[in-house]
>>> print(open('entry18.cif').read())   # mmCIF, C-alpha atoms and all ligand atoms; chains and numbers go by the auth columns
data_target
loop_
_atom_site.group_PDB
_atom_site.id
_atom_site.type_symbol
_atom_site.label_atom_id
_atom_site.label_comp_id
_atom_site.label_asym_id
_atom_site.label_seq_id
_atom_site.Cartn_x
_atom_site.Cartn_y
_atom_site.Cartn_z
_atom_site.B_iso_or_equiv
_atom_site.auth_seq_id
_atom_site.auth_asym_id
ATOM 1 C CA MET A 1 26.956 -33.268 -54.842 0.00 23 A
ATOM 2 C CA PRO A 2 26.639 -32.022 -58.448 0.00 24 A
ATOM 3 C CA ASP A 3 23.540 -33.444 -60.179 0.00 25 A
ATOM 4 C CA HIS A 4 25.573 -35.090 -62.918 0.00 26 A
ATOM 5 C CA ILE A 5 27.491 -37.302 -60.474 0.00 27 A
ATOM 6 C CA ASP A 6 26.173 -40.757 -59.619 0.00 28 A
ATOM 7 C CA THR A 7 27.646 -41.210 -56.141 0.00 29 A
ATOM 8 C CA VAL A 8 27.049 -44.946 -56.030 0.00 30 A
ATOM 9 C CA GLU A 9 28.889 -45.433 -59.290 0.00 31 A
ATOM 10 C CA PHE A 10 31.798 -43.162 -58.411 0.00 32 A
ATOM 11 C CA ARG A 11 32.184 -44.671 -54.959 0.00 33 A
ATOM 12 C CA ALA A 12 32.411 -48.085 -56.645 0.00 34 A
ATOM 13 C CA LEU A 13 35.028 -46.718 -59.081 0.00 35 A
ATOM 14 C CA LEU A 14 37.105 -45.360 -56.190 0.00 36 A
ATOM 15 C CA LEU A 15 36.864 -48.571 -54.185 0.00 37 A
ATOM 16 C CA ASP A 16 37.798 -50.672 -57.237 0.00 38 A
ATOM 17 C CA ARG A 17 40.823 -48.506 -57.842 0.00 39 A
ATOM 18 C CA GLN A 18 41.798 -48.797 -54.188 0.00 40 A
ATOM 19 C CA THR A 19 41.734 -52.609 -54.446 0.00 41 A
ATOM 20 C CA GLU A 20 43.677 -52.510 -57.698 0.00 42 A
ATOM 21 C CA LEU A 21 46.377 -50.309 -56.137 0.00 43 A
ATOM 22 C CA HIS A 22 46.659 -52.694 -53.185 0.00 44 A
ATOM 23 C CA GLU A 23 47.139 -55.613 -55.550 0.00 45 A
ATOM 24 C CA LEU A 24 49.739 -53.752 -57.611 0.00 46 A
ATOM 25 C CA SER A 25 51.636 -52.906 -54.416 0.00 47 A
ATOM 26 C CA ASP A 26 51.648 -56.547 -53.397 0.00 48 A
ATOM 27 C CA ILE A 27 52.982 -57.641 -56.777 0.00 49 A
ATOM 28 C CA SER A 28 55.652 -54.951 -56.846 0.00 50 A
ATOM 29 C CA ALA A 29 56.701 -55.682 -53.241 0.00 51 A
ATOM 30 C CA GLN A 30 58.235 -58.839 -54.670 0.00 52 A
ATOM 31 C CA SER A 31 60.361 -57.000 -57.240 0.00 53 A
ATOM 32 C CA ARG A 32 61.286 -54.325 -54.707 0.00 54 A
ATOM 33 C CA GLY A 33 62.724 -57.021 -52.464 0.00 55 A
ATOM 34 C CA ALA A 34 64.415 -58.994 -55.223 0.00 56 A
ATOM 35 C CA VAL A 35 67.727 -57.109 -55.497 0.00 57 A
ATOM 36 C CA GLU A 36 69.410 -58.575 -52.437 0.00 58 A
ATOM 37 C CA LEU A 37 68.800 -62.096 -53.644 0.00 59 A
ATOM 38 C CA ASP A 38 70.351 -61.280 -57.008 0.00 60 A
ATOM 39 C CA GLN A 39 73.495 -59.640 -55.639 0.00 61 A
ATOM 40 C CA ALA A 40 75.196 -62.852 -54.611 0.00 62 A
ATOM 41 C CA SER A 41 74.683 -64.666 -57.886 0.00 63 A
ATOM 42 C CA VAL A 42 74.812 -62.118 -60.730 0.00 64 A
ATOM 43 C CA GLY A 43 77.424 -59.817 -62.261 0.00 65 A
ATOM 44 C CA ARG A 44 77.809 -56.092 -61.807 0.00 66 A
ATOM 45 C CA VAL A 45 75.812 -55.037 -64.881 0.00 67 A
ATOM 46 C CA SER A 46 72.840 -57.153 -63.911 0.00 68 A
ATOM 47 C CA ARG A 47 73.114 -55.773 -60.421 0.00 69 A
ATOM 48 C CA ILE A 48 72.956 -52.193 -61.699 0.00 70 A
ATOM 49 C CA ASP A 49 70.006 -53.252 -63.799 0.00 71 A
ATOM 50 C CA ALA A 50 68.297 -54.750 -60.808 0.00 72 A
ATOM 51 C CA ILE A 51 68.951 -51.640 -58.715 0.00 73 A
ATOM 52 C CA GLN A 52 67.490 -49.428 -61.436 0.00 74 A
ATOM 53 C CA GLN A 53 64.425 -51.627 -61.617 0.00 75 A
ATOM 54 C CA GLN A 54 64.140 -51.501 -57.875 0.00 76 A
ATOM 55 C CA SER A 55 64.267 -47.710 -57.792 0.00 77 A
ATOM 56 C CA MET A 56 61.643 -47.554 -60.545 0.00 78 A
ATOM 57 C CA ALA A 57 59.488 -49.909 -58.518 0.00 79 A
ATOM 58 C CA LEU A 58 59.947 -47.684 -55.473 0.00 80 A
ATOM 59 C CA ALA A 59 58.956 -44.610 -57.482 0.00 81 A
ATOM 60 C CA SER A 60 55.769 -46.286 -58.705 0.00 82 A
ATOM 61 C CA GLU A 61 55.048 -47.393 -55.168 0.00 83 A
ATOM 62 C CA ARG A 62 55.278 -43.763 -54.024 0.00 84 A
ATOM 63 C CA ARG A 63 52.881 -42.736 -56.823 0.00 85 A
ATOM 64 C CA ARG A 64 50.479 -45.456 -55.741 0.00 86 A
ATOM 65 C CA GLU A 65 50.652 -44.243 -52.136 0.00 87 A
ATOM 66 C CA GLN A 66 49.859 -40.701 -53.285 0.00 88 A
ATOM 67 C CA GLU A 67 46.908 -41.983 -55.297 0.00 89 A
ATOM 68 C CA GLN A 68 45.695 -43.955 -52.274 0.00 90 A
ATOM 69 C CA GLN A 69 45.770 -40.700 -50.306 0.00 91 A
ATOM 70 C CA ARG A 70 43.771 -38.918 -53.022 0.00 92 A
ATOM 71 C CA ILE A 71 41.222 -41.743 -53.063 0.00 93 A
ATOM 72 C CA LYS A 72 40.845 -41.555 -49.275 0.00 94 A
ATOM 73 C CA SER A 73 40.246 -37.795 -49.468 0.00 95 A
ATOM 74 C CA ALA A 74 37.786 -38.278 -52.332 0.00 96 A
ATOM 75 C CA LEU A 75 35.811 -40.823 -50.268 0.00 97 A
ATOM 76 C CA ALA A 76 35.839 -38.428 -47.305 0.00 98 A
ATOM 77 C CA ARG A 77 34.528 -35.618 -49.542 0.00 99 A
ATOM 78 C CA MET A 78 31.832 -38.003 -50.719 0.00 100 A
ATOM 79 C CA ASP A 79 30.735 -38.556 -47.109 0.00 101 A
ATOM 80 C CA ASP A 80 30.624 -34.768 -46.649 0.00 102 A
ATOM 81 C CA GLU A 81 28.660 -34.429 -49.907 0.00 103 A
ATOM 82 C CA GLU A 82 31.422 -32.264 -51.319 0.00 104 A
ATOM 83 C CA TYR A 83 32.593 -34.777 -53.877 0.00 105 A
ATOM 84 C CA GLY A 84 32.590 -33.547 -57.480 0.00 106 A
ATOM 85 C CA TYR A 85 33.269 -29.932 -56.535 0.00 107 A
ATOM 86 C CA CYS A 86 36.674 -28.351 -57.030 0.00 108 A
ATOM 87 C CA ILE A 87 38.396 -28.012 -53.639 0.00 109 A
ATOM 88 C CA ALA A 88 40.009 -24.760 -54.765 0.00 110 A
ATOM 89 C CA CYS A 89 37.162 -22.785 -56.383 0.00 111 A
ATOM 90 C CA GLY A 90 34.036 -24.822 -55.557 0.00 112 A
ATOM 91 C CA GLU A 91 32.942 -25.230 -59.185 0.00 113 A
ATOM 92 C CA ALA A 92 31.445 -28.576 -60.219 0.00 114 A
ATOM 93 C CA ILE A 93 34.064 -30.792 -61.886 0.00 115 A
ATOM 94 C CA PRO A 94 32.876 -32.141 -65.273 0.00 116 A
ATOM 95 C CA GLU A 95 31.933 -35.812 -65.219 0.00 117 A
ATOM 96 C CA ALA A 96 34.405 -36.696 -67.991 0.00 118 A
ATOM 97 C CA ARG A 97 37.250 -35.392 -65.847 0.00 119 A
ATOM 98 C CA LEU A 98 36.090 -37.431 -62.849 0.00 120 A
ATOM 99 C CA ARG A 99 35.749 -40.482 -65.033 0.00 121 A
ATOM 100 C CA PHE A 100 39.328 -40.086 -66.185 0.00 122 A
ATOM 101 C CA ASP A 101 40.439 -39.975 -62.543 0.00 123 A
ATOM 102 C CA PRO A 102 37.709 -40.335 -59.880 0.00 124 A
ATOM 103 C CA SER A 103 40.125 -39.179 -57.176 0.00 125 A
ATOM 104 C CA ILE A 104 40.702 -35.806 -58.827 0.00 126 A
ATOM 105 C CA ALA A 105 40.010 -32.887 -56.467 0.00 127 A
ATOM 106 C CA THR A 106 40.243 -29.805 -58.665 0.00 128 A
ATOM 107 C CA CYS A 107 38.746 -28.462 -61.896 0.00 129 A
ATOM 108 C CA VAL A 108 40.952 -28.051 -64.970 0.00 130 A
ATOM 109 C CA SER A 109 41.696 -24.363 -64.379 0.00 131 A
ATOM 110 C CA CYS A 110 42.680 -24.888 -60.741 0.00 132 A
ATOM 111 C CA ALA A 111 44.883 -27.897 -61.564 0.00 133 A
ATOM 112 C CA LYS A 112 47.232 -25.659 -63.619 0.00 134 A
HETATM 113 ZN ZN ZN B . 38.550 -24.940 -59.556 0.00 1 B
#
>>> encode(input="entry18.cif", output="structure tokens", more="lines below")
Ligand SMILES: [Zn+2]
Amino acid sequence: MPDHIDTVEFRALLLDRQTELHELSDISAQSRGAVELDQASVGRVSRIDAIQQQSMALASERRREQEQQRIKSALARMDDEEYGYCIACGEAIPEARLRFDPSIATCVSCAK
């Protein structure tokens, strides 16, 4: 673990984010399921609208799932004391970058 990383704090950040993503998924599950209900009662334009909203909701859900995966890997790296090091080159990742996204796995140069 790089000296500049407070594991306790970053683990808490990751777990908080995990909870937040779960909650967002629950909320959006409602709008993802809403289209069928609408179809019987609304016109074509509203239906297209609803379908577009649904596909946007599905896309954000996929992004959330990917982030959940990254958080899981980050927590696993923490257990292996590899957290905070770039998985590609092994350099320590600057704290500011980890603060921006605690689940990040690579340094700036390797992310390109
Ligand atoms: Zn790197």
>>> resolve_selection(input="entry18.cif", expression="the PyMOL selection byres (((not hetatm)) within 12 of (chain B and resi 1))", output="VMD selection string")
chain A and resid 106 to 116 126 to 134
>>> closest_residue(input="entry18.cif", among="A:Arg86, A:Arg66, A:Arg92, A:His26", to="His44 (chain A)", atoms="all atoms listed in the file")
A:Arg86
>>> resolve_selection(input="entry18.cif", expression="the PyMOL selection byres (((chain A and resi 47) around 10) and not hetatm)", output="compact mmCIF listing (two decimals) with C-alpha atoms, in the frame of the given file")
# COMPACT_ATOMS: atom_id res chain seq x y z
CA THR A 41 41.73 -52.61 -54.45
CA GLU A 42 43.68 -52.51 -57.70
CA LEU A 43 46.38 -50.31 -56.14
CA HIS A 44 46.66 -52.69 -53.18
CA GLU A 45 47.14 -55.61 -55.55
CA LEU A 46 49.74 -53.75 -57.61
CA ASP A 48 51.65 -56.55 -53.40
CA ILE A 49 52.98 -57.64 -56.78
CA SER A 50 55.65 -54.95 -56.85
CA ALA A 51 56.70 -55.68 -53.24
CA GLN A 52 58.24 -58.84 -54.67
CA ARG A 54 61.29 -54.32 -54.71
CA ALA A 79 59.49 -49.91 -58.52
CA LEU A 80 59.95 -47.68 -55.47
CA SER A 82 55.77 -46.29 -58.70
CA GLU A 83 55.05 -47.39 -55.17
CA ARG A 84 55.28 -43.76 -54.02
CA ARG A 86 50.48 -45.46 -55.74
CA GLU A 87 50.65 -44.24 -52.14
>>> atom_distance(input="entry18.cif", atom1="CA of Pro124 (chain A)", atom2="CA of Lys94 (chain A)")
11.1 Å
>>> resolve_selection(input="entry18.cif", expression="the PyMOL selection byres (((chain A and resi 35) around 12) and not hetatm)", output="PyMOL selection string")
chain A and resi 28-34+36-42+93+96-97+120-125
